[in-house]
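Pasting target-v3.cif here (mmCIF, C-alpha atoms):
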```cif
data_target
#
loop_
_atom_site.label_atom_id
_atom_site.label_comp_id
_atom_site.auth_asym_id
_atom_site.auth_seq_id
_atom_site.Cartn_x
_atom_site.Cartn_y
_atom_site.Cartn_z
CA MET A 22 9.19 113.22 23.56
CA THR A 23 11.51 114.43 20.79
CA TYR A 24 14.72 113.92 22.69
CA ARG A 25 13.45 110.61 24.10
CA SER A 26 12.99 109.39 20.53
CA ILE A 27 16.68 110.15 19.95
CA PHE A 28 18.10 108.65 23.16
CA ASP A 29 15.60 105.78 23.61
CA ALA A 30 16.40 105.40 27.31
CA PRO A 31 14.64 102.03 27.82
CA ARG A 32 16.70 100.44 25.05
CA LEU A 33 19.91 101.98 26.42
CA ARG A 34 19.15 100.63 29.90
CA GLU A 35 18.66 97.13 28.50
CA LYS A 36 22.01 97.37 26.72
CA LEU A 37 23.69 98.66 29.88
CA GLN A 38 22.31 95.73 31.88
CA ALA A 39 23.72 93.31 29.31
CA VAL A 40 27.12 95.01 29.45
CA GLU A 41 27.13 94.97 33.25
CA LYS A 42 26.55 91.20 33.13
CA GLN A 43 29.65 90.92 30.97
CA THR A 44 31.71 92.90 33.47
CA ALA A 45 30.61 90.50 36.21
CA ASP A 46 32.21 87.60 34.32
CA PRO A 47 35.71 86.99 35.82
CA THR A 48 37.01 85.56 32.53
CA LEU A 49 36.52 88.94 30.84
CA TRP A 50 39.45 90.48 32.68
CA SER A 51 41.90 87.89 31.37
CA ASN A 52 41.49 89.51 27.94
CA PRO A 53 42.69 93.14 28.21
CA GLU A 54 41.55 94.12 24.72
CA LYS A 55 38.05 92.69 25.19
CA SER A 56 37.68 94.20 28.65
CA GLN A 57 38.67 97.63 27.32
CA GLN A 58 36.01 97.38 24.60
CA VAL A 59 33.35 96.38 27.12
CA MET A 60 34.28 99.16 29.54
CA ARG A 61 34.29 101.70 26.71
CA GLU A 62 30.78 100.60 25.73
CA LYS A 63 29.66 100.73 29.36
CA LYS A 64 30.93 104.29 29.69
CA ARG A 65 29.23 105.30 26.44
CA LEU A 66 25.87 103.95 27.57
CA GLU A 67 26.15 105.53 31.01
CA THR A 68 27.01 108.89 29.41
CA SER A 69 24.01 108.68 27.07
CA LEU A 70 21.64 107.89 29.94
CA ALA A 71 23.10 110.69 32.06
CA THR A 72 22.62 113.11 29.16
CA GLU A 73 18.99 112.01 28.75
CA SER A 74 18.36 112.68 32.44
CA ASP A 75 20.12 116.04 32.22
CA LEU A 76 17.97 117.12 29.26
CA ALA A 77 14.79 116.07 31.07
CA ARG A 78 15.81 118.03 34.17
CA ARG A 79 16.70 121.15 32.16
CA ALA A 80 13.41 121.03 30.24
CA THR A 81 11.50 120.75 33.53
CA ASP A 82 13.46 123.65 35.06
CA ILE A 83 12.77 125.90 32.06
CA ASP A 84 9.04 125.06 32.19
CA ALA A 85 9.05 125.98 35.87
CA TYR A 86 10.72 129.33 35.19
CA PHE A 87 8.12 130.16 32.52
CA GLU A 88 5.33 129.38 35.00
CA LEU A 89 6.94 131.67 37.58
CA ALA A 90 7.27 134.40 34.93
CA HIS A 91 3.57 134.09 34.09
CA GLU A 92 2.83 134.55 37.78
CA GLY A 93 4.70 137.87 37.72
CA GLU A 94 8.09 136.91 39.18
CA ASP A 95 11.25 138.33 37.63
CA VAL A 96 13.17 135.21 36.58
CA SER A 97 14.58 136.58 33.32
CA ALA A 98 18.23 136.23 34.40
CA ASP A 99 17.75 132.65 35.60
CA LEU A 100 15.78 131.73 32.49
CA ARG A 101 18.40 133.24 30.19
CA ARG A 102 21.15 131.31 32.00
CA GLU A 103 19.27 128.00 31.72
CA ILE A 104 18.52 128.51 28.03
CA ASP A 105 22.15 129.46 27.27
CA GLU A 106 23.43 126.36 29.07
CA LEU A 107 20.86 124.20 27.27
CA ARG A 108 21.94 125.65 23.92
CA ILE A 109 25.58 124.70 24.61
CA LEU A 110 24.55 121.15 25.52
CA VAL A 111 22.28 120.79 22.48
CA ASP A 112 25.05 122.03 20.15
CA LYS A 113 27.37 119.38 21.61
CA LEU A 114 24.75 116.67 21.17
CA GLU A 115 24.03 117.81 17.63
CA ILE A 116 27.68 117.26 16.75
CA GLU A 117 27.57 113.77 18.28
CA THR A 118 24.51 112.84 16.19
CA LEU A 119 26.60 113.65 13.10
CA LEU A 120 29.22 111.11 14.14
CA SER A 121 27.77 107.79 13.03
CA GLY A 122 30.81 106.24 11.36
CA ALA A 123 32.06 102.84 12.49
CA ASN A 124 35.20 104.38 14.02
CA ASP A 125 34.02 107.86 14.94
CA ASP A 126 33.93 107.09 18.66
CA ARG A 127 37.55 105.90 18.73
CA ASN A 128 40.68 107.68 19.86
CA ALA A 129 42.62 109.54 17.16
CA ILE A 130 46.22 109.50 15.97
CA ILE A 131 47.40 112.77 14.39
CA THR A 132 50.46 113.17 12.19
CA ILE A 133 51.66 116.61 11.07
CA HIS A 134 54.22 117.32 8.31
CA PRO A 135 55.48 120.73 7.15
CA GLY A 136 55.42 121.56 3.45
CA ALA A 137 58.26 122.99 1.41
CA GLY A 138 59.69 126.20 2.81
CA GLY A 139 62.12 125.15 5.53
CA THR A 140 61.87 126.99 8.82
CA GLU A 141 58.69 128.86 7.85
CA SER A 142 56.66 125.70 7.24
CA GLN A 143 58.25 123.86 10.15
CA ASP A 144 57.23 126.66 12.50
CA TRP A 145 53.69 126.55 11.07
CA ALA A 146 53.56 122.78 11.62
CA GLU A 147 54.45 123.31 15.27
CA MET A 148 51.74 125.98 15.57
CA LEU A 149 49.20 123.44 14.27
CA MET A 150 50.46 120.83 16.72
CA ARG A 151 49.98 123.29 19.58
CA MET A 152 46.50 124.16 18.27
CA TYR A 153 45.36 120.53 18.38
CA LEU A 154 46.93 119.89 21.77
CA ARG A 155 45.11 122.94 23.15
CA TRP A 156 41.85 121.81 21.51
CA ALA A 157 42.19 118.39 23.14
CA GLU A 158 42.80 120.07 26.51
CA ARG A 159 39.67 122.19 26.06
CA GLN A 160 37.65 119.02 25.35
CA GLY A 161 38.99 117.28 28.43
CA PHE A 162 40.84 114.74 26.25
CA SER A 163 44.25 113.32 27.09
CA THR A 164 47.16 113.34 24.62
CA GLN A 165 50.33 111.31 24.21
CA MET A 166 53.30 112.25 22.05
CA TYR A 167 54.60 109.30 20.03
CA GLU A 168 57.12 110.93 17.71
CA TYR A 169 58.59 114.44 17.64
CA GLN A 170 61.28 115.60 15.23
CA PRO A 171 62.36 119.22 15.86
CA GLY A 172 63.46 121.53 13.06
CA GLU A 173 67.03 122.82 12.87
CA GLU A 174 66.14 126.43 13.73
CA ALA A 175 62.49 126.33 14.84
CA GLY A 176 59.32 124.29 14.51
CA ILE A 177 59.09 120.59 13.73
CA LYS A 178 59.98 118.28 10.86
CA SER A 179 57.18 115.93 11.91
CA ALA A 180 55.08 114.95 14.91
CA THR A 181 52.73 112.09 15.71
CA PHE A 182 50.57 112.07 18.82
CA GLY A 183 47.45 110.40 20.16
CA VAL A 184 44.25 112.18 21.24
CA ASN A 185 42.26 110.02 23.64
CA GLY A 186 38.61 110.84 24.23
CA GLU A 187 35.07 110.02 23.18
CA TYR A 188 34.54 110.71 19.45
CA ALA A 189 38.09 112.09 19.11
CA TYR A 190 38.57 110.53 15.67
CA GLY A 191 35.14 111.51 14.36
CA LEU A 192 35.64 115.12 15.40
CA LEU A 193 39.17 115.38 14.04
CA THR A 194 38.36 114.00 10.58
CA SER A 195 37.51 117.63 9.78
CA GLU A 196 41.24 118.43 10.02
CA ILE A 197 42.57 116.00 7.42
CA GLY A 198 44.28 117.89 4.62
CA VAL A 199 46.59 120.81 3.96
CA HIS A 200 46.48 123.97 6.07
CA ARG A 201 47.81 127.31 4.75
CA LEU A 202 49.21 130.19 6.80
CA VAL A 203 49.75 133.75 5.51
CA ARG A 204 51.72 136.09 7.78
CA ILE A 205 54.63 138.48 8.14
CA SER A 206 57.49 136.08 8.75
CA PRO A 207 59.21 136.35 12.15
CA PHE A 208 62.26 134.80 10.46
CA ASP A 209 62.53 137.36 7.64
CA GLN A 210 64.55 140.45 8.53
CA ALA A 211 62.89 142.30 5.64
CA LYS A 212 59.47 141.65 7.25
CA ARG A 213 57.96 140.28 4.06
CA ARG A 214 54.71 138.33 3.86
CA HIS A 215 55.13 134.56 3.55
CA THR A 216 52.76 131.68 2.76
CA SER A 217 53.40 128.37 4.52
CA PHE A 218 51.78 124.95 4.24
CA ALA A 219 51.53 121.91 6.49
CA SER A 220 49.59 118.66 6.14
CA VAL A 221 47.52 116.99 8.83
CA PHE A 222 46.59 113.32 8.77
CA VAL A 223 44.23 111.65 11.25
CA SER A 224 43.56 107.94 11.69
CA PRO A 225 41.46 106.00 14.23
CA GLU A 226 43.28 104.08 16.94
CA ILE A 227 42.21 100.49 16.42
CA ASP A 228 42.49 97.50 18.74
CA GLU A 229 43.09 93.79 18.32
CA SER A 230 39.42 93.17 17.49
CA ILE A 231 40.11 94.54 14.00
CA GLU A 232 42.37 92.35 11.91
CA VAL A 233 44.98 94.02 9.71
CA ASP A 234 47.24 91.71 7.72
CA ILE A 235 50.81 93.01 7.81
CA LYS A 236 53.51 90.82 6.29
CA PRO A 237 56.85 91.05 8.16
CA GLU A 238 58.76 91.17 4.86
CA ASP A 239 56.84 94.33 3.89
CA ILE A 240 58.19 96.32 6.84
CA ARG A 241 61.57 98.03 7.08
CA THR A 242 62.63 98.85 10.64
CA ASP A 243 65.06 101.67 11.42
CA THR A 244 66.26 102.71 14.86
CA TYR A 245 67.66 106.08 15.81
CA ARG A 246 68.38 108.22 18.83
CA SER A 247 65.45 110.10 20.31
CA GLY A 248 65.79 113.86 20.20
CA GLY A 249 63.89 116.94 21.17
CA LYS A 250 63.99 120.06 23.26
CA GLY A 251 65.23 118.30 26.36
CA GLY A 252 63.60 116.49 29.25
CA GLN A 253 61.68 113.35 28.32
CA HIS A 254 62.51 113.68 24.61
CA VAL A 255 66.25 113.13 25.14
CA ASN A 256 67.67 109.63 25.07
CA THR A 257 71.26 108.48 24.83
CA THR A 258 70.46 105.14 23.15
CA ASP A 259 69.00 104.26 19.75
CA SER A 260 65.59 103.47 21.27
CA ALA A 261 63.41 105.34 18.76
CA VAL A 262 61.84 103.18 16.06
CA ARG A 263 60.72 104.07 12.53
CA LEU A 264 58.67 101.59 10.46
CA THR A 265 58.24 101.86 6.69
CA HIS A 266 55.53 99.82 4.98
CA GLY A 267 56.84 99.01 1.50
CA PRO A 268 53.61 98.39 -0.46
CA THR A 269 51.95 101.65 0.64
CA GLY A 270 54.93 103.82 1.55
CA ILE A 271 53.37 104.65 4.92
CA VAL A 272 55.98 105.66 7.51
CA VAL A 273 55.35 105.75 11.26
CA ALA A 274 57.63 106.33 14.22
CA CYS A 275 57.59 106.26 18.00
CA GLN A 276 60.17 107.60 20.44
CA ASN A 277 58.34 108.41 23.66
CA GLU A 278 59.30 105.16 25.43
CA ARG A 279 62.80 104.45 26.76
CA SER A 280 62.62 100.85 25.59
CA GLN A 281 63.17 100.11 21.90
CA HIS A 282 60.83 97.13 22.23
CA LYS A 283 57.99 99.28 23.58
CA ASN A 284 58.56 101.91 20.91
CA LYS A 285 58.38 99.26 18.21
CA GLU A 286 55.21 97.81 19.72
CA LYS A 287 53.53 101.23 19.72
CA ALA A 288 54.79 102.01 16.21
CA MET A 289 53.22 98.75 14.99
CA SER A 290 49.93 99.78 16.61
CA ILE A 291 50.05 103.13 14.81
CA LEU A 292 50.93 101.39 11.53
CA ARG A 293 47.95 99.05 11.91
CA SER A 294 45.66 102.05 12.41
CA ARG A 295 47.09 103.84 9.39
CA LEU A 296 46.79 100.76 7.16
CA TYR A 297 43.23 100.13 8.34
CA GLU A 298 42.19 103.65 7.39
CA TYR A 299 44.12 103.34 4.13
CA GLU A 300 42.16 100.23 3.15
CA LEU A 301 38.86 101.88 4.10
CA GLU A 302 39.65 104.76 1.78
CA LYS A 303 40.49 102.38 -1.06
CA LYS A 304 37.13 100.67 -0.63
CA LYS A 305 35.38 104.02 -0.83
CA GLN A 306 37.20 104.59 -4.15
CA GLU A 307 38.35 108.03 -3.17
CA THR A 308 40.13 110.10 -5.79
CA LYS A 309 43.04 110.89 -3.49
CA GLN A 310 45.40 108.56 -1.62
CA ILE A 311 44.97 108.39 2.14
CA GLU A 312 48.61 109.30 2.79
CA ASP A 313 48.29 113.08 2.93
CA SER A 314 51.98 113.54 3.60
CA LYS A 315 52.65 112.35 0.05
CA LEU A 316 50.36 114.98 -1.48
CA ASP A 317 51.79 118.14 -2.94
CA ILE A 318 51.44 120.46 0.01
CA ASP A 319 50.40 123.53 -1.94
CA PHE A 320 47.41 125.63 -3.00
CA GLY A 321 45.73 122.80 -4.90
CA SER A 322 45.14 120.53 -1.89
CA GLN A 323 44.47 122.96 0.96
CA ILE A 324 41.36 122.75 3.13
CA ARG A 325 41.74 125.84 5.31
CA SER A 326 43.51 129.21 5.29
CA TYR A 327 44.74 131.14 8.32
CA VAL A 328 45.48 134.72 7.27
CA LEU A 329 47.30 137.03 9.70
CA GLN A 330 48.32 139.69 7.14
CA PRO A 331 47.06 141.94 5.48
CA TYR A 332 43.80 141.10 7.31
CA ARG A 333 42.95 138.50 9.97
CA MET A 334 40.68 135.62 9.03
CA VAL A 335 40.36 131.84 9.24
CA LYS A 336 38.42 130.42 6.30
CA ASP A 337 37.52 126.79 5.68
CA LEU A 338 37.51 126.32 1.92
CA ARG A 339 35.10 123.35 2.06
CA THR A 340 32.35 124.88 4.18
CA ARG A 341 33.02 128.62 3.64
CA GLU A 342 32.98 129.02 7.43
CA GLU A 343 34.87 132.21 8.38
CA ILE A 344 36.18 133.33 11.77
CA GLY A 345 37.75 136.73 12.35
CA ASP A 346 39.38 135.88 15.69
CA VAL A 347 42.40 133.95 14.40
CA ASP A 348 44.12 133.88 17.80
CA ARG A 349 41.11 132.12 19.33
CA VAL A 350 41.27 129.41 16.68
CA LEU A 351 45.04 128.95 16.98
CA ASP A 352 44.53 128.65 20.72
CA GLY A 353 42.38 125.56 20.15
CA ASP A 354 38.83 126.84 19.70
CA LEU A 355 37.94 124.65 16.70
CA ASN A 356 34.42 123.50 17.52
CA SER A 357 32.58 125.89 15.18
CA LEU A 358 34.83 124.78 12.28
CA ILE A 359 34.34 121.12 13.17
CA ARG A 360 30.56 121.54 13.45
CA ALA A 361 30.34 123.32 10.08
CA TYR A 362 32.34 120.52 8.44
CA LEU A 363 30.20 117.75 9.92
CA LEU A 364 26.98 119.51 8.92
CA ALA A 365 28.27 120.06 5.39
CA ARG A 366 29.33 116.42 5.16
CA ARG A 367 25.87 115.29 6.20
CA ASN A 368 24.19 117.65 3.76
CA GLU A 369 26.41 116.37 0.99
CA GLY A 370 25.54 112.80 1.89
CA GLY A 371 29.05 112.20 3.18
CA SER A 372 30.45 112.34 -0.35
CA ALA A 373 34.12 111.55 -0.58
CA ALA A 374 34.67 114.45 -2.91
CA MET A 375 33.58 116.96 -0.28
CA ALA A 376 35.28 115.22 2.55
CA ARG A 377 38.71 115.37 0.98
CA THR A 378 38.53 118.46 -1.25
#
```
Kindly return the structure encoded in the file as structure tokens.
Amino acid sequence: MTYRSIFDAPRLREKLQAVEKQTADPTLWSNPEKSQQVMREKKRLETSLATESDLARRATDIDAYFELAHEGEDVSADLRREIDELRILVDKLEIETLLSGANDDRNAIITIHPGAGGTESQDWAEMLMRMYLRWAERQGFSTQMYEYQPGEEAGIKSATFGVNGEYAYGLLTSEIGVHRLVRISPFDQAKRRHTSFASVFVSPEIDESIEVDIKPEDIRTDTYRSGGKGGQHVNTTDSAVRLTHGPTGIVVACQNERSQHKNKEKAMSILRSRLYEYELEKKKQETKQIEDSKLDIDFGSQIRSYVLQPYRMVKDLRTREEIGDVDRVLDGDLNSLIRAYLLARRNEGGSAAMART
């Protein structure tokens, strides 16, 4: 009864029937944006109903195992397996119940910038990029690289990529801010300990249903030649596009398409998402500007530390969550950190001060 009060299956079925009627309307498919919204809602409802059925089945199975145990059968291994699997599912659902924001269920756009420090920070920025790409892979999410600027010796000067999956944005809001790395530098012949910083910014991918007023005269467009480590990143024409929004100073870029027109179109989509989030933050009267890349990337604005020397520890400075297995985190296992952040945000009433400290 408890989980039924959360999922409310009868209400979800009514909504699904209404959505299915929409999909049966031939005129829907002439509007790509609208049809995508409807299909996304249909998938969400179907997933919720499937989860409700799965929980009911698991609860019934566990009850049956307890009855067999009372009758003297040895079902301890099966019961332990069922309870462990149920715990994993419930933890996942608990996280989803914490994601109630208007845009939490949307895809995410991540931008990473290294702090001061040259190669050290650029290498750290690339490590973070790899961490998020691996996390997305673990979640079954797809990713798409929009802009990638390699460093001169190692690492990246900047990167922007999309993470496509259910609640991608809501989950990744926990990563907005400055990340600090402490390690013995692989680039220092004297093997000294170095501290590096990189900033991470996340915005929701928005569609045409959300209006964002962008004046053409406020945008400066620059084109340049795509670059990278070879393969798809190399282009012999000036097809890459960088857009600068004058009033806010927000800069976005896209280089993954061969066509300059397509790159500009995608860059405009990213800019709309960034400006939308920027305006939301202004309305919330946050104490810090939404453009994290313009913050001083230093001790004062960091959200998480990754220490590899003299000890090994990942510590989130907002939630006090600590993990000793740094390699596991850098390999994309972020869910415990994300869960701790979302729980802390709920307990703090979603206060802006906590969310961006």
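The residue that comes closest to A:Thr216, out of A:Glu147, A:Glu158, A:Glu141, A:Glu298 and on the basis of only C-alpha atoms, is A:Glu141.
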Task: Picked residues, the PyMOL selection byres ((chain A and resi 106-121) around 8), expected as a PyMOL selection string - done: chain A and resi 76+79+102-105+122-123+125-126+188+191-192+360+363-364+367
- [ ] Step by step, work through what the PyMOL selection byres ((chain A and resi 330) around 8) selects in the shown file, and finish by giving those residues as a PyMOL selection string.
- [x] chain A and resi 203-205+214+328-329+331-333
TODO: Using atom CA of A:Tyr362 and atom CA of A:Ser195 as the two end points, give the distance in Å to one decimal.
DONE: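 For atom CA of A:Tyr362 relative to atom CA of A:Ser195, the distance reads 6.1 Å.
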Open item on the list: Could you list, as an MDAnalysis selection string, every residue within 7 Å of A:Gln323, counting only C-alpha atoms and ignoring same-chain residues fewer than 5 positions away?
Closed with: chainID A and resid 198:201
TODO: Give me the residues within 12 Å of A:Asp144 as an NGL selection string, counting all atoms listed in the file and dropping any in the same chain fewer than 3 places off.
DONE: :A and (133-141 or 147-151 or 171-179 or 202 or 204 or 206-208 or 216-219)
TODO: Report the distance between atom CA of A:Thr44 and atom CA of A:Ser224 in Å, rounded to one decimal place.
DONE: 29.0 Å
Counting all atoms listed in the file, I want the residues whose atoms come within 9 Å of (63.4, 106.2, 19.5) in the file frame, returned as a JSON list (two decimals) with C-alpha atoms, in the coordinates of the input.
```json
[["chain", "number", "residue", "atom", "x", "y", "z"],
["A", 168, "GLU", "CA", 57.12, 110.93, 17.71],
["A", 244, "THR", "CA", 66.26, 102.71, 14.86],
["A", 245, "TYR", "CA", 67.66, 106.08, 15.81],
["A", 246, "ARG", "CA", 68.38, 108.22, 18.83],
["A", 247, "SER", "CA", 65.45, 110.10, 20.31],
["A", 248, "GLY", "CA", 65.79, 113.86, 20.20],
["A", 256, "ASN", "CA", 67.67, 109.63, 25.07],
["A", 258, "THR", "CA", 70.46, 105.14, 23.15],
["A", 259, "ASP", "CA", 69.00, 104.26, 19.75],
["A", 260, "SER", "CA", 65.59, 103.47, 21.27],
["A", 261, "ALA", "CA", 63.41, 105.34, 18.76],
["A", 262, "VAL", "CA", 61.84, 103.18, 16.06],
["A", 263, "ARG", "CA", 60.72, 104.07, 12.53],
["A", 274, "ALA", "CA", 57.63, 106.33, 14.22],
["A", 275, "CYS", "CA", 57.59, 106.26, 18.00],
["A", 276, "GLN", "CA", 60.17, 107.60, 20.44],
["A", 277, "ASN", "CA", 58.34, 108.41, 23.66],
["A", 278, "GLU", "CA", 59.30, 105.16, 25.43],
["A", 279, "ARG", "CA", 62.80, 104.45, 26.76],
["A", 280, "SER", "CA", 62.62, 100.85, 25.59],
["A", 281, "GLN", "CA", 63.17, 100.11, 21.90],
["A", 284, "ASN", "CA", 58.56, 101.91, 20.91],
["A", 285, "LYS", "CA", 58.38, 99.26, 18.21]]
```
Open item on the list: Calculated over all atoms listed in the file, which of the candidates A:Leu154, A:Ile130, A:Ile344, A:Ala189 has the smallest distance to A:Ser290?
Closed with: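 So, comparing all the options, the nearest one is A:Ile130.
Across A:Arg127, A:Lys63, A:Lys42, A:Arg32, the tightest approach to A:Val223 is made by A:Arg127 when counting only C-alpha atoms.
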Task: Spatial neighbours of A:Ile291, max dist 12 Å, all atoms listed in the file, sep filter under 3 positions, as a VMD selection string - done: chain A and resid 128 to 132 167 to 168 181 to 183 223 to 228 233 262 to 266 271 to 275 284 to 288 294 to 298
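The gap separating atom CA of A:Thr68 from atom CA of A:Gly186 is 12.9 Å, in Å to one decimal.
Only residues having an atom at most 8 Å from (20.8, 103.1, 34.7) are included; using all atoms listed in the file, these are Arg34, Leu37, Glu67 and Leu70 of chain A.
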- [ ] Run the PyMOL selection byres ((chain A and resi 80-87) around 10) on the file and write out the hits as a list of chain:residue names.
- [x]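 Listing what the PyMOL selection byres ((chain A and resi 80-87) around 10) selects in the shown file: A:Ser74, A:Asp75, A:Leu76, A:Ala77, A:Arg78, A:Arg79, A:Glu88, A:Leu89, A:Ala90, A:His91, A:Glu92, A:Gly93, A:Glu94, A:Asp95, A:Val96, A:Ser97, A:Asp99, A:Leu100, A:Arg101, A:Arg102, A:Glu103, A:Ile104, A:Leu107.
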- [ ] May I ask which of the residues A:Glu73, A:Glu196, A:Asp29, A:Glu302 is the closest one to A:Leu338, counting only C-alpha atoms?
- [x] A:Glu196
Generate N, CA and C atoms for stretch 344-356 of chain A and emit them as an mmCIF file, in the coordinates of the input.
```
data_model
loop_
_atom_site.group_PDB
_atom_site.id
_atom_site.type_symbol
_atom_site.label_atom_id
_atom_site.label_comp_id
_atom_site.auth_asym_id
_atom_site.auth_seq_id
_atom_site.Cartn_x
_atom_site.Cartn_y
_atom_site.Cartn_z
ATOM 1 N N ILE A 344 36.042 132.857 10.399
ATOM 2 C CA ILE A 344 36.180 133.330 11.770
ATOM 3 C C ILE A 344 37.218 134.439 11.786
ATOM 4 N N GLY A 345 36.846 135.586 12.332
ATOM 5 C CA GLY A 345 37.750 136.730 12.350
ATOM 6 C C GLY A 345 38.773 136.675 13.473
ATOM 7 N N ASP A 346 38.460 135.965 14.553
ATOM 8 C CA ASP A 346 39.380 135.880 15.690
ATOM 9 C C ASP A 346 40.353 134.723 15.466
ATOM 10 N N VAL A 347 41.432 134.996 14.739
ATOM 11 C CA VAL A 347 42.400 133.950 14.400
ATOM 12 C C VAL A 347 43.083 133.417 15.652
ATOM 13 N N ASP A 348 43.414 134.305 16.585
ATOM 14 C CA ASP A 348 44.120 133.880 17.800
ATOM 15 C C ASP A 348 43.301 132.861 18.580
ATOM 16 N N ARG A 349 41.982 133.060 18.609
ATOM 17 C CA ARG A 349 41.110 132.120 19.330
ATOM 18 C C ARG A 349 41.173 130.736 18.697
ATOM 19 N N VAL A 350 41.200 130.690 17.373
ATOM 20 C CA VAL A 350 41.270 129.410 16.680
ATOM 21 C C VAL A 350 42.627 128.746 16.926
ATOM 22 N N LEU A 351 43.702 129.508 16.773
ATOM 23 C CA LEU A 351 45.040 128.950 16.980
ATOM 24 C C LEU A 351 45.272 128.533 18.416
ATOM 25 N N ASP A 352 44.432 129.044 19.316
ATOM 26 C CA ASP A 352 44.530 128.650 20.720
ATOM 27 C C ASP A 352 43.657 127.434 21.018
ATOM 28 N N GLY A 353 43.081 126.832 19.965
ATOM 29 C CA GLY A 353 42.380 125.560 20.150
ATOM 30 C C GLY A 353 40.879 125.606 20.096
ATOM 31 N N ASP A 354 40.292 126.761 19.774
ATOM 32 C CA ASP A 354 38.830 126.840 19.700
ATOM 33 C C ASP A 354 38.389 126.467 18.282
ATOM 34 N N LEU A 355 38.223 125.165 18.042
ATOM 35 C CA LEU A 355 37.940 124.650 16.700
ATOM 36 C C LEU A 355 36.504 124.158 16.529
ATOM 37 N N ASN A 356 35.703 124.192 17.570
ATOM 38 C CA ASN A 356 34.420 123.500 17.520
ATOM 39 C C ASN A 356 33.468 124.044 16.450
#
```
